[in-house]
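Visitor: I'm passing along start_31.txt; it holds compact mmCIF, C-alpha atoms.
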# COMPACT_ATOMS: atom_id res chain seq x y z
CA MET A 1 -1.11 27.40 22.09
CA THR A 2 2.18 27.89 20.27
CA GLN A 3 3.63 24.38 20.27
CA ILE A 4 4.35 23.06 16.78
CA LEU A 5 3.92 19.50 15.58
CA HIS A 6 6.88 18.43 13.45
CA ILE A 7 6.26 15.62 10.98
CA VAL A 8 9.20 13.96 9.24
CA GLY A 9 8.20 12.52 5.87
CA GLY A 10 5.57 13.67 3.40
CA GLY A 11 4.32 10.31 2.19
CA MET A 12 0.88 8.82 2.79
CA ALA A 13 1.25 8.69 6.58
CA GLY A 14 2.98 12.06 6.98
CA SER A 15 0.49 13.89 4.78
CA GLU A 16 -2.50 12.37 6.57
CA ALA A 17 -0.99 13.05 10.01
CA ALA A 18 -0.42 16.70 9.07
CA TRP A 19 -3.95 17.06 7.69
CA GLN A 20 -5.60 15.64 10.79
CA ALA A 21 -3.56 17.70 13.24
CA ALA A 22 -3.95 20.91 11.24
CA ASN A 23 -7.72 20.47 11.07
CA LEU A 24 -7.73 20.31 14.87
CA GLY A 25 -6.06 23.73 14.96
CA VAL A 26 -2.45 22.70 15.54
CA GLN A 27 0.40 24.34 13.62
CA VAL A 28 2.28 21.69 11.63
CA VAL A 29 5.65 21.64 9.88
CA ILE A 30 6.30 18.80 7.43
CA HIS A 31 9.99 18.00 6.94
CA GLU A 32 10.41 16.34 3.53
CA MET A 33 13.82 15.43 2.12
CA ARG A 34 12.65 15.09 -1.48
CA PRO A 35 13.43 16.45 -4.02
CA LYS A 36 16.71 17.60 -2.39
CA VAL A 37 17.49 14.02 -1.35
CA GLU A 38 16.16 11.45 -3.79
CA THR A 39 15.24 7.80 -3.31
CA PHE A 40 15.46 4.83 -5.64
CA ALA A 41 11.71 4.50 -6.02
CA HIS A 42 10.32 8.04 -6.15
CA GLN A 43 10.04 9.89 -9.44
CA THR A 44 8.80 13.33 -8.30
CA GLY A 45 8.96 15.71 -5.37
CA ASN A 46 5.20 15.50 -4.75
CA LEU A 47 3.79 14.48 -1.39
CA ALA A 48 2.07 11.09 -1.08
CA GLU A 49 3.67 9.73 -4.26
CA MET A 50 2.68 6.13 -4.95
CA VAL A 51 5.67 4.03 -5.96
CA CYS A 52 4.63 0.37 -5.91
CA SER A 53 1.05 0.20 -7.19
CA ASN A 54 -1.84 2.54 -7.86
CA SER A 55 -4.36 0.43 -5.96
CA PHE A 56 -5.80 0.84 -2.47
CA ARG A 57 -7.28 -2.66 -2.84
CA SER A 58 -10.89 -3.59 -2.05
CA ASP A 59 -13.41 -0.82 -1.35
CA ASP A 60 -15.98 -3.23 0.12
CA ASP A 61 -16.64 -1.91 3.65
CA GLU A 62 -18.98 -4.77 4.61
CA GLN A 63 -16.97 -7.87 3.68
CA ASN A 64 -13.35 -6.73 3.52
CA ALA A 65 -11.05 -5.40 6.27
CA VAL A 66 -9.21 -2.94 4.01
CA GLY A 67 -12.54 -1.66 2.69
CA LEU A 68 -13.56 -1.10 6.30
CA LEU A 69 -10.35 0.87 6.84
CA HIS A 70 -11.34 3.04 3.84
CA TRP A 71 -14.69 3.68 5.57
CA GLU A 72 -13.06 4.67 8.86
CA MET A 73 -10.67 7.07 7.14
CA ARG A 74 -13.53 8.69 5.23
CA ALA A 75 -15.50 9.03 8.47
CA ALA A 76 -12.50 10.84 9.98
CA ASN A 77 -12.32 13.30 7.04
CA GLY A 78 -9.13 11.73 5.73
CA LEU A 79 -7.21 13.56 3.04
CA ILE A 80 -5.85 10.38 1.43
CA MET A 81 -9.32 8.94 0.93
CA ALA A 82 -10.63 12.27 -0.40
CA ALA A 83 -7.78 12.39 -2.92
CA ALA A 84 -8.38 8.76 -3.91
CA GLU A 85 -12.10 9.36 -4.46
CA LYS A 86 -11.47 12.45 -6.57
CA HIS A 87 -8.95 10.69 -8.83
CA ARG A 88 -10.49 7.23 -8.83
CA LEU A 89 -10.08 4.89 -11.80
CA PRO A 90 -12.24 1.88 -12.76
CA ALA A 91 -10.85 -1.21 -11.02
CA GLY A 92 -13.69 -3.72 -10.73
CA GLY A 93 -14.56 -3.19 -7.05
CA ALA A 94 -11.10 -2.11 -5.98
CA LEU A 95 -10.08 1.50 -5.31
CA ALA A 96 -7.39 2.45 -7.83
CA VAL A 97 -6.24 5.97 -8.67
CA ASP A 98 -4.43 8.08 -11.22
CA ARG A 99 -1.23 8.17 -9.19
CA GLU A 100 0.17 11.43 -10.64
CA ALA A 101 -3.06 13.40 -10.24
CA PHE A 102 -3.56 11.88 -6.80
CA ALA A 103 -0.15 13.06 -5.51
CA GLU A 104 -0.58 16.49 -7.09
CA PHE A 105 -3.95 16.90 -5.33
CA VAL A 106 -2.53 15.93 -1.91
CA THR A 107 0.40 18.33 -2.43
CA GLN A 108 -1.91 21.18 -3.39
CA GLU A 109 -4.23 20.60 -0.43
CA ILE A 110 -1.34 20.47 2.04
CA ASN A 111 0.26 23.62 0.60
CA ALA A 112 -3.07 25.45 0.76
CA HIS A 113 -3.78 24.63 4.41
CA PRO A 114 -3.15 27.69 6.63
CA ASN A 115 -1.88 25.56 9.52
CA ILE A 116 0.70 23.59 7.52
CA SER A 117 4.11 24.57 6.18
CA ILE A 118 6.76 22.43 4.47
CA GLU A 119 10.50 22.54 5.04
CA TYR A 120 12.56 20.68 2.47
CA GLY A 121 15.68 18.95 3.74
CA GLU A 122 16.83 15.80 5.48
CA VAL A 123 16.32 15.17 9.20
CA ASN A 124 18.99 12.77 10.38
CA GLU A 125 18.58 12.62 14.16
CA ILE A 126 15.93 11.86 16.78
CA PRO A 127 15.16 15.15 18.61
CA SER A 128 14.98 15.28 22.40
CA GLU A 129 12.68 18.30 22.46
CA GLY A 130 9.46 19.27 20.72
CA THR A 131 6.62 17.07 19.50
CA TRP A 132 7.51 14.91 16.50
CA VAL A 133 5.96 12.27 14.28
CA PHE A 134 8.38 10.26 12.16
CA ALA A 135 6.59 8.94 9.08
CA THR A 136 9.61 8.36 6.88
CA GLY A 137 8.27 5.17 5.41
CA PRO A 138 10.09 2.09 4.23
CA LEU A 139 12.70 4.17 2.39
CA THR A 140 14.01 5.89 5.52
CA SER A 141 17.34 7.54 4.64
CA PRO A 142 20.51 5.74 5.73
CA LYS A 143 21.56 8.55 8.09
CA LEU A 144 18.20 8.64 9.85
CA GLY A 145 18.14 4.84 9.91
CA GLU A 146 21.45 4.88 11.76
CA ALA A 147 20.08 7.42 14.24
CA ILE A 148 17.00 5.25 14.84
CA ALA A 149 19.16 2.16 15.36
CA LYS A 150 21.37 4.06 17.81
CA GLU A 151 18.37 5.37 19.75
CA THR A 152 16.54 2.05 19.95
CA GLY A 153 19.62 0.03 20.72
CA ALA A 154 18.60 -2.56 18.16
CA ASP A 155 19.43 -3.25 14.55
CA ARG A 156 16.68 -2.00 12.27
CA LEU A 157 14.71 -4.72 10.60
CA ALA A 158 14.35 -4.79 6.85
CA PHE A 159 12.62 -6.59 4.03
CA PHE A 160 12.73 -6.15 0.27
CA ASP A 161 9.91 -4.66 -1.77
CA ALA A 162 9.49 -4.94 -5.52
CA ILE A 163 7.83 -2.64 -8.08
CA ALA A 164 5.78 -3.77 -11.08
CA PRO A 165 6.42 -2.41 -14.60
CA ILE A 166 4.12 0.07 -16.39
CA ILE A 167 3.30 -0.25 -20.10
CA TYR A 168 1.99 2.21 -22.68
CA ARG A 169 -1.57 1.23 -23.62
CA ASP A 170 -1.12 1.91 -27.33
CA SER A 171 1.67 -0.67 -27.53
CA ILE A 172 -0.63 -3.54 -26.41
CA ASN A 173 -2.12 -5.78 -29.11
CA MET A 174 -5.88 -5.68 -28.54
CA ASP A 175 -6.42 -8.34 -31.19
CA VAL A 176 -5.09 -10.69 -28.51
CA ALA A 177 -5.96 -8.94 -25.24
CA TRP A 178 -9.47 -8.05 -24.05
CA MET A 179 -11.07 -5.89 -21.37
CA GLN A 180 -12.86 -7.58 -18.46
CA SER A 181 -12.87 -7.54 -14.67
CA ARG A 182 -12.77 -10.94 -13.03
CA TYR A 183 -16.31 -12.33 -12.80
CA ASP A 184 -17.46 -9.07 -14.46
CA LYS A 185 -17.27 -7.44 -11.04
CA GLY A 186 -18.48 -3.85 -10.80
CA GLU A 187 -21.72 -1.91 -10.99
CA THR A 188 -20.98 -0.13 -14.29
CA GLU A 189 -19.74 -1.33 -17.65
CA GLU A 190 -16.56 0.66 -17.09
CA GLU A 191 -15.91 -1.18 -13.82
CA GLN A 192 -16.79 -4.53 -15.39
CA LYS A 193 -14.16 -3.90 -18.05
CA ALA A 194 -11.54 -2.33 -15.81
CA TYR A 195 -8.75 -4.85 -16.48
CA LEU A 196 -6.86 -5.70 -19.63
CA ASN A 197 -6.31 -9.47 -20.00
CA CYS A 198 -3.62 -11.38 -21.88
CA PRO A 199 -4.29 -15.15 -22.24
CA MET A 200 -1.71 -17.93 -22.24
CA THR A 201 -1.86 -21.54 -23.40
CA LYS A 202 -0.16 -24.24 -21.33
CA ASP A 203 2.89 -24.24 -23.62
CA GLN A 204 3.17 -20.44 -23.47
CA TYR A 205 2.88 -20.51 -19.69
CA GLU A 206 5.56 -23.19 -19.31
CA ALA A 207 7.92 -21.28 -21.62
CA PHE A 208 7.27 -18.09 -19.65
CA ILE A 209 8.08 -19.80 -16.34
CA ASP A 210 11.29 -21.24 -17.81
CA ALA A 211 12.38 -17.78 -18.98
CA LEU A 212 11.41 -16.22 -15.66
CA LEU A 213 13.50 -18.68 -13.67
CA ALA A 214 16.50 -18.34 -15.98
CA ALA A 215 16.49 -14.52 -16.23
CA ASP A 216 19.24 -12.33 -14.75
CA LYS A 217 18.13 -10.93 -11.43
CA THR A 218 19.24 -8.23 -9.01
CA GLU A 219 22.01 -9.39 -6.71
CA PHE A 220 22.18 -8.30 -3.10
CA HIS A 221 25.14 -6.70 -1.38
CA GLU A 222 27.08 -8.66 1.19
CA GLY A 223 25.19 -8.82 4.48
CA GLU A 224 21.78 -8.26 2.87
CA THR A 225 19.17 -10.97 2.93
CA ALA A 226 16.11 -11.14 0.73
CA GLY A 227 13.38 -11.15 3.35
CA TYR A 228 10.28 -10.41 1.28
CA PHE A 229 6.89 -9.40 2.53
CA ASP A 230 4.46 -12.07 1.30
CA GLY A 231 1.96 -9.50 0.03
CA CYS A 232 4.45 -8.05 -2.45
CA LEU A 233 6.57 -11.01 -3.60
CA PRO A 234 8.57 -10.72 -6.82
CA ILE A 235 7.09 -13.02 -9.46
CA GLU A 236 10.42 -14.89 -9.72
CA VAL A 237 10.25 -15.79 -6.04
CA MET A 238 6.69 -17.06 -6.49
CA ALA A 239 7.78 -19.11 -9.52
CA GLU A 240 10.63 -20.62 -7.52
CA ARG A 241 8.08 -21.92 -5.01
CA GLY A 242 6.47 -24.08 -7.68
CA ARG A 243 5.67 -23.91 -11.39
CA GLU A 244 1.94 -23.60 -10.74
CA THR A 245 2.21 -20.89 -8.07
CA LEU A 246 1.69 -17.97 -10.46
CA ARG A 247 -1.22 -19.75 -12.17
CA PHE A 248 -3.00 -19.87 -8.81
CA GLY A 249 -1.88 -16.34 -7.93
CA PRO A 250 -1.70 -13.23 -10.13
CA MET A 251 -2.04 -15.28 -13.34
CA LYS A 252 -5.13 -17.26 -12.36
CA PRO A 253 -7.55 -17.65 -15.31
CA VAL A 254 -10.79 -18.01 -13.33
CA GLY A 255 -13.72 -15.65 -13.85
CA LEU A 256 -12.54 -14.53 -17.30
CA THR A 257 -13.82 -15.24 -20.82
CA ASN A 258 -11.73 -14.37 -23.86
CA THR A 259 -13.99 -12.28 -26.10
CA HIS A 260 -11.82 -13.16 -29.11
CA ASP A 261 -12.24 -16.91 -28.48
CA PRO A 262 -15.04 -17.57 -25.95
CA GLU A 263 -14.93 -21.36 -26.33
CA THR A 264 -11.26 -21.70 -25.40
CA LYS A 265 -10.35 -21.48 -21.72
CA ALA A 266 -6.98 -19.83 -21.10
CA TYR A 267 -4.46 -21.84 -19.07
CA ALA A 268 -3.23 -18.63 -17.42
CA VAL A 269 -4.04 -14.93 -17.73
CA VAL A 270 -1.89 -11.86 -17.15
CA GLN A 271 -3.94 -8.85 -16.04
CA LEU A 272 -3.07 -5.16 -16.44
CA ARG A 273 -4.79 -2.33 -14.57
CA ARG A 274 -5.16 1.26 -15.71
CA ASP A 275 -2.56 3.49 -14.06
CA ASN A 276 -3.76 6.98 -15.03
CA LYS A 277 -7.02 8.77 -15.80
CA LEU A 278 -6.22 9.12 -19.49
CA GLY A 279 -5.92 5.35 -19.78
CA THR A 280 -2.59 5.67 -21.57
CA LEU A 281 -0.63 3.70 -18.95
CA TYR A 282 -1.27 0.22 -17.54
CA ASN A 283 0.61 -1.65 -14.81
CA ILE A 284 0.97 -5.43 -14.79
CA VAL A 285 -0.99 -6.63 -11.77
CA GLY A 286 1.04 -8.63 -9.26
CA PHE A 287 4.17 -8.52 -11.42
CA GLN A 288 6.61 -7.00 -8.96
CA THR A 289 10.04 -8.10 -10.09
CA LYS A 290 13.72 -8.17 -9.28
CA MET A 291 14.77 -9.06 -12.85
CA LYS A 292 17.39 -6.79 -14.41
CA TYR A 293 16.03 -4.28 -16.90
CA GLY A 294 17.20 -6.06 -20.05
CA ALA A 295 15.73 -9.35 -18.89
CA GLN A 296 12.40 -7.73 -18.00
CA ALA A 297 11.78 -6.42 -21.49
CA GLU A 298 12.70 -9.77 -23.01
CA VAL A 299 10.62 -11.93 -20.65
CA PHE A 300 7.51 -9.72 -20.47
CA LYS A 301 7.32 -9.51 -24.25
CA MET A 302 6.70 -13.27 -24.21
CA ILE A 303 3.22 -12.50 -22.83
CA PRO A 304 0.65 -12.74 -25.68
CA GLY A 305 -0.47 -9.23 -26.58
CA LEU A 306 2.68 -7.63 -25.17
CA GLU A 307 5.07 -8.69 -27.92
CA GLU A 308 5.57 -5.05 -28.97
CA ALA A 309 5.09 -3.55 -25.51
CA LYS A 310 6.79 -0.25 -24.71
CA PHE A 311 7.58 0.37 -21.05
CA ALA A 312 6.96 3.68 -19.30
CA ARG A 313 8.71 2.23 -16.24
CA LEU A 314 10.41 -1.09 -15.66
CA GLY A 315 10.13 -2.93 -12.38
CA GLY A 316 12.67 -2.78 -9.59
CA ILE A 317 13.49 -3.82 -6.07
CA HIS A 318 14.44 -1.82 -3.01
CA ARG A 319 15.14 -2.31 0.65
CA ASN A 320 12.35 -1.37 3.06
CA THR A 321 12.94 -0.52 6.70
CA PHE A 322 10.58 -1.06 9.62
CA LEU A 323 10.81 -1.00 13.42
CA ASN A 324 10.26 -3.84 15.84
CA SER A 325 7.35 -1.77 17.08
CA PRO A 326 6.01 -4.15 19.77
CA THR A 327 9.22 -3.63 21.74
CA LEU A 328 9.85 0.04 20.92
CA LEU A 329 6.49 1.87 20.84
CA ASP A 330 3.87 2.46 23.52
CA ASP A 331 0.12 2.27 22.91
CA GLN A 332 0.16 5.91 21.71
CA MET A 333 2.79 5.08 19.05
CA ARG A 334 5.40 6.99 21.08
CA LEU A 335 9.00 5.86 21.26
CA LYS A 336 9.38 4.48 24.76
CA SER A 337 12.86 5.94 25.14
CA LYS A 338 11.74 9.39 23.88
CA PRO A 339 8.00 9.94 24.40
CA ASN A 340 8.13 13.27 22.54
CA VAL A 341 8.59 11.22 19.35
CA ARG A 342 5.95 9.14 17.62
CA PHE A 343 6.44 6.80 14.69
CA SER A 344 3.79 6.23 12.08
CA GLY A 345 3.13 4.65 8.71
CA GLN A 346 4.89 1.75 7.09
CA VAL A 347 8.06 2.16 9.17
CA THR A 348 6.01 0.90 12.15
CA GLY A 349 5.41 -2.47 10.49
CA VAL A 350 2.04 -2.03 8.82
CA GLU A 351 1.97 -2.92 5.15
CA GLY A 352 0.12 -1.11 2.38
CA TYR A 353 -0.82 2.42 1.39
CA VAL A 354 -4.10 2.41 3.29
CA GLU A 355 -2.67 0.94 6.48
CA SER A 356 0.21 3.44 6.39
CA ALA A 357 -2.12 6.40 5.90
CA ALA A 358 -4.43 5.12 8.66
CA MET A 359 -1.55 5.01 11.14
CA GLY A 360 -0.69 8.56 10.04
CA LEU A 361 -4.26 9.60 10.74
CA LEU A 362 -4.05 8.18 14.25
CA ALA A 363 -0.61 9.64 14.98
CA GLY A 364 -1.71 13.09 13.83
CA ARG A 365 -4.80 13.04 16.04
CA LEU A 366 -3.00 11.60 19.07
CA ALA A 367 -0.18 14.15 18.84
CA ALA A 368 -2.55 17.08 18.23
CA HIS A 369 -4.76 16.28 21.20
CA GLU A 370 -1.66 15.91 23.36
CA ILE A 371 -0.51 19.39 22.30
CA LEU A 372 -4.00 20.81 22.90
CA GLY A 373 -4.10 19.36 26.40
CA THR A 374 -7.02 17.06 25.57
CA PRO A 375 -5.32 13.67 25.29
CA ILE A 376 -7.26 10.80 23.71
CA THR A 377 -6.78 7.06 23.48
CA PRO A 378 -6.73 5.20 20.15
CA PRO A 379 -9.92 3.44 19.03
CA ASN A 380 -10.25 -0.06 20.45
CA GLY A 381 -9.49 -3.32 18.66
CA ASN A 382 -13.07 -3.71 17.38
CA THR A 383 -12.19 -1.15 14.69
CA ALA A 384 -9.80 -1.60 11.78
CA MET A 385 -7.50 1.18 12.98
CA GLY A 386 -7.64 -0.10 16.53
CA ALA A 387 -6.84 -3.64 15.44
CA LEU A 388 -3.78 -2.41 13.53
CA ILE A 389 -2.39 -0.18 16.26
CA HIS A 390 -2.95 -2.91 18.85
CA HIS A 391 -1.06 -5.37 16.63
CA ILE A 392 2.01 -3.19 16.13
CA THR A 393 2.22 -1.86 19.70
CA GLY A 394 1.95 -5.14 21.58
CA GLY A 395 -0.45 -7.60 20.02
CA ALA A 396 2.17 -9.10 17.71
CA GLU A 397 4.91 -11.48 18.81
CA ALA A 398 8.07 -9.35 18.92
CA LYS A 399 10.43 -12.22 18.05
CA THR A 400 8.67 -12.94 14.76
CA PHE A 401 7.29 -9.46 13.99
CA GLN A 402 6.75 -8.88 10.26
CA PRO A 403 4.84 -6.26 8.22
CA MET A 404 1.09 -6.82 8.39
CA ASN A 405 -1.89 -5.83 6.25
CA VAL A 406 -5.19 -5.20 7.99
CA ASN A 407 -7.28 -8.39 8.13
CA PHE A 408 -10.16 -9.79 10.15
CA GLY A 409 -7.77 -12.15 11.93
CA LEU A 410 -6.66 -9.12 13.97
CA PHE A 411 -10.22 -8.49 15.26
CA PRO A 412 -11.73 -9.92 18.46
CA PRO A 413 -14.35 -12.56 17.62
CA VAL A 414 -18.05 -11.67 17.64
CA GLU A 415 -19.81 -13.99 20.07
CA GLY A 416 -22.56 -16.24 18.84
CA LEU A 417 -21.40 -16.52 15.23
CA LYS A 418 -20.30 -19.81 13.71
CA GLY A 419 -16.80 -20.19 12.35
CA GLY A 420 -15.61 -21.74 9.10
CA ARG A 421 -16.09 -20.70 5.49
CA ARG A 422 -19.89 -21.09 5.49
CA GLY A 423 -20.33 -18.52 8.23
CA ARG A 424 -17.77 -16.09 6.86
CA LYS A 425 -20.15 -13.67 5.14
CA ASP A 426 -22.28 -13.15 8.26
CA ARG A 427 -19.18 -13.00 10.43
CA TYR A 428 -17.48 -10.32 8.33
CA LYS A 429 -20.67 -8.25 8.22
CA ALA A 430 -20.84 -8.45 12.02
CA TYR A 431 -17.21 -7.32 12.28
CA THR A 432 -17.82 -4.30 10.05
CA ASP A 433 -21.12 -3.31 11.67
CA ARG A 434 -19.50 -3.42 15.10
CA ALA A 435 -16.45 -1.51 13.88
CA LYS A 436 -18.48 1.31 12.33
CA GLU A 437 -20.54 1.82 15.49
CA THR A 438 -17.40 1.77 17.65
CA PHE A 439 -15.46 4.11 15.38
CA ASN A 440 -18.29 6.64 15.24
CA GLN A 441 -18.42 6.62 19.04
CA TRP A 442 -14.66 7.26 19.13
CA LEU A 443 -15.01 10.23 16.80
CA GLU A 444 -17.98 11.63 18.75
CA GLY A 445 -15.93 11.46 21.95
CA GLN A 446 -13.49 13.99 20.49
CA SER A 447 -16.07 16.64 19.59
Let me see the structure of the file written as C-alpha cells.

Guide:
Amino acid sequence: MTQILHIVGGGMAGSEAAWQAANLGVQVVIHEMRPKVETFAHQTGNLAEMVCSNSFRSDDDEQNAVGLLHWEMRAANGLIMAAAEKHRLPAGGALAVDREAFAEFVTQEINAHPNISIEYGEVNEIPSEGTWVFATGPLTSPKLGEAIAKETGADRLAFFDAIAPIIYRDSINMDVAWMQSRYDKGETEEEQKAYLNCPMTKDQYEAFIDALLAADKTEFHEGETAGYFDGCLPIEVMAERGRETLRFGPMKPVGLTNTHDPETKAYAVVQLRRDNKLGTLYNIVGFQTKMKYGAQAEVFKMIPGLEEAKFARLGGIHRNTFLNSPTLLDDQMRLKSKPNVRFSGQVTGVEGYVESAAMGLLAGRLAAHEILGTPITPPNGNTAMGALIHHITGGAEAKTFQPMNVNFGLFPPVEGLKGGRRGRKDRYKAYTDRAKETFNQWLEGQS
C-alpha cells in the first residue's frame, strides 16, 4: 500500500484526521499554510491552535451531548482529547485547557508520528487525483475559497465569529472579585473555585450596557453581512436584542455568592476563566466582541475589579466560511463532484472545537479504510458523531443550513420515555447509554 492521504489544514480536524489515519497504518501528509501564510486569528504556527476560547465545554458524558462526544473521541483514541486531558485546567465541570501547551503537545505528537509528515505552504485548488481531506476550517484562505466556490458551483456561505479578550491575572482587583464556580460545581476545591467573578449593581450594569451600545464597532466591507452563529454572538449584538439579554446570558448572577459581601446579591456577574496552566491569564467568558480596540479597553474597565486590567489580547471579529454540506457532500463526507476529496471540520458546518475534531476523526478513519481497501460506514445517528455527520450530509434543511453544535435534538428518540423537562434527566441518560453501546460496536467492527 503506497497511496498517501493528503490532509489540507492542521487545525483540530486536520490533526485528528491525520492521527486516526496514521494509526491505521496509512502514510499521511498534512499541508499547513501557517506560518508562511498567516490568518487574522492565529498567533503561532502550531497545529491545533485554539483561537476563540480555551474551553471544550461540558465533560458530562451522561447528561450532555458534547460530553458524550468527548467520550466517543476518547474511546477512539483521539489525539485532541488526549491533549486536552494532559493540559486540563479547572473549569467547574467543563473541559478547559492551557491553549499554548495544548497546541504544542499536538504539534509534538504529530511531528513524532512515523506515518505523518508536514508540508508547509498554501493549497489553492481542489485536486482531481489522490485521496484528500480538506480541513481548512472557518478561516479558509481566499484563494482556496474561490476554488471551492468554482468547484461546487455555489457561493460559499459565511458567518462572522468573534473572539473574547484575555486579561493578565495580576491586574485584576481581588478585593472586588472572588473565585467560585457557579453553584460550586466540581468535585475538588480547585474545580469549585475555577472561575473569577466580578459583581455589578443595577446602576453599574445599566451604565455598562449604555457604554456597550454606544462604543465604536468594527464596520463590514461592502457586500458583507453580519450573519452570526448564535453560539458565539458578540456581546454588543446580544445587548442590542434587549437590555436584560446579557443578564440572562453570560452575565447571569445565579449560583454565585460574593465572598466579600455574602448578604448582597449581585445584579449581574462577569465571569473570567483561567486560560493557561500558570493561572497568569484569564479570558472573559462569553465576551466575544466586535468593538474596536480602544473602545474595548475603555468599556471593559467599567467592570468592577477590572478597572486597572491589562490585556494580553483584545477581542476581535473575523469572517468564517462553511459549505452548504447537505447539497455538496455524500454520507462519507466526500465532495459529490470529486469523490477523491473529503471535507471535514468546521468548514462542513459543525460548530465548536469538539465537533470539528470529531468530524476530523471520522474523515481520517473513512479515508484510511478506503485506501486500505476495507471501507467502513460512519456510526449511525444513535451516536454523537453519527448524529452530527447525518445532520451535515442530509439531515439538515439545505435552504436554511447553519452551523450546528452537537445536541440531543439531533438524536432519534428513545421509545418509552416521557418528554418534557421532568423526564429530561432519564431521557438524556438513555441517549448516552445507547450511544456508548452503539459506538463501541462500531469500533469493534473495525478491528

Visitor: Of the residues A:Leu24, A:Pro304, A:Leu361, A:Gln192, which is the one nearest to Met81 of chain A, using all atoms listed in the file?

Guide: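 Of A:Leu24, A:Pro304, A:Leu361, A:Gln192, the one nearest Met81 of chain A, counting all atoms listed in the file, is A:Leu361.
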
Visitor: I'd like to know which of A:Gly186, A:Gly423, A:Gly25, A:Gly130 is closest to Ala94 of chain A, using all atoms listed in the file.

Guide: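 Of A:Gly186, A:Gly423, A:Gly25, A:Gly130, the one nearest Ala94 of chain A, counting all atoms listed in the file, is A:Gly186.
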
Visitor: Enter the distance from atom CA of Arg182 of chain A to atom CA of Ala309 of chain A, in Å, rounded to one decimal.

Guide: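 Atom-to-atom, atom CA of Arg182 of chain A to atom CA of Ala309 of chain A, that is 23.0 Å.
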
Visitor: So, counting all atoms listed in the file, which residue among A:Leu95, A:Met251, A:Val51, A:Ile303 is closest to Gly67 of chain A?

Guide: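 Once distances to Gly67 of chain A are computed over all atoms listed in the file, the minimum belongs to A:Leu95.
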
Visitor: Give me the residues of segment 77-196 of chain A that have any atom at most 10 Å from an atom of segment 31-34 of chain A; for each, the nearest atom pair and the distance in Å, rounded to one decimal. Use only C-alpha atoms, sort by chain and number, and format it as a Markdown table.

Guide:
| residue | atom | partner | partner_atom | distance |
| --- | --- | --- | --- | --- |
| A:Ser117 | CA | A:His31 | CA | 8.8 |
| A:Ile118 | CA | A:His31 | CA | 6.0 |
| A:Glu119 | CA | A:His31 | CA | 4.9 |
| A:Tyr120 | CA | A:Glu32 | CA | 5.0 |
| A:Gly121 | CA | A:Met33 | CA | 4.3 |
| A:Glu122 | CA | A:Met33 | CA | 4.5 |
| A:Val123 | CA | A:His31 | CA | 7.3 |
| A:Phe134 | CA | A:His31 | CA | 9.5 |
| A:Ala135 | CA | A:His31 | CA | 9.9 |
| A:Thr136 | CA | A:Glu32 | CA | 8.7 |
| A:Ser141 | CA | A:Met33 | CA | 9.0 |
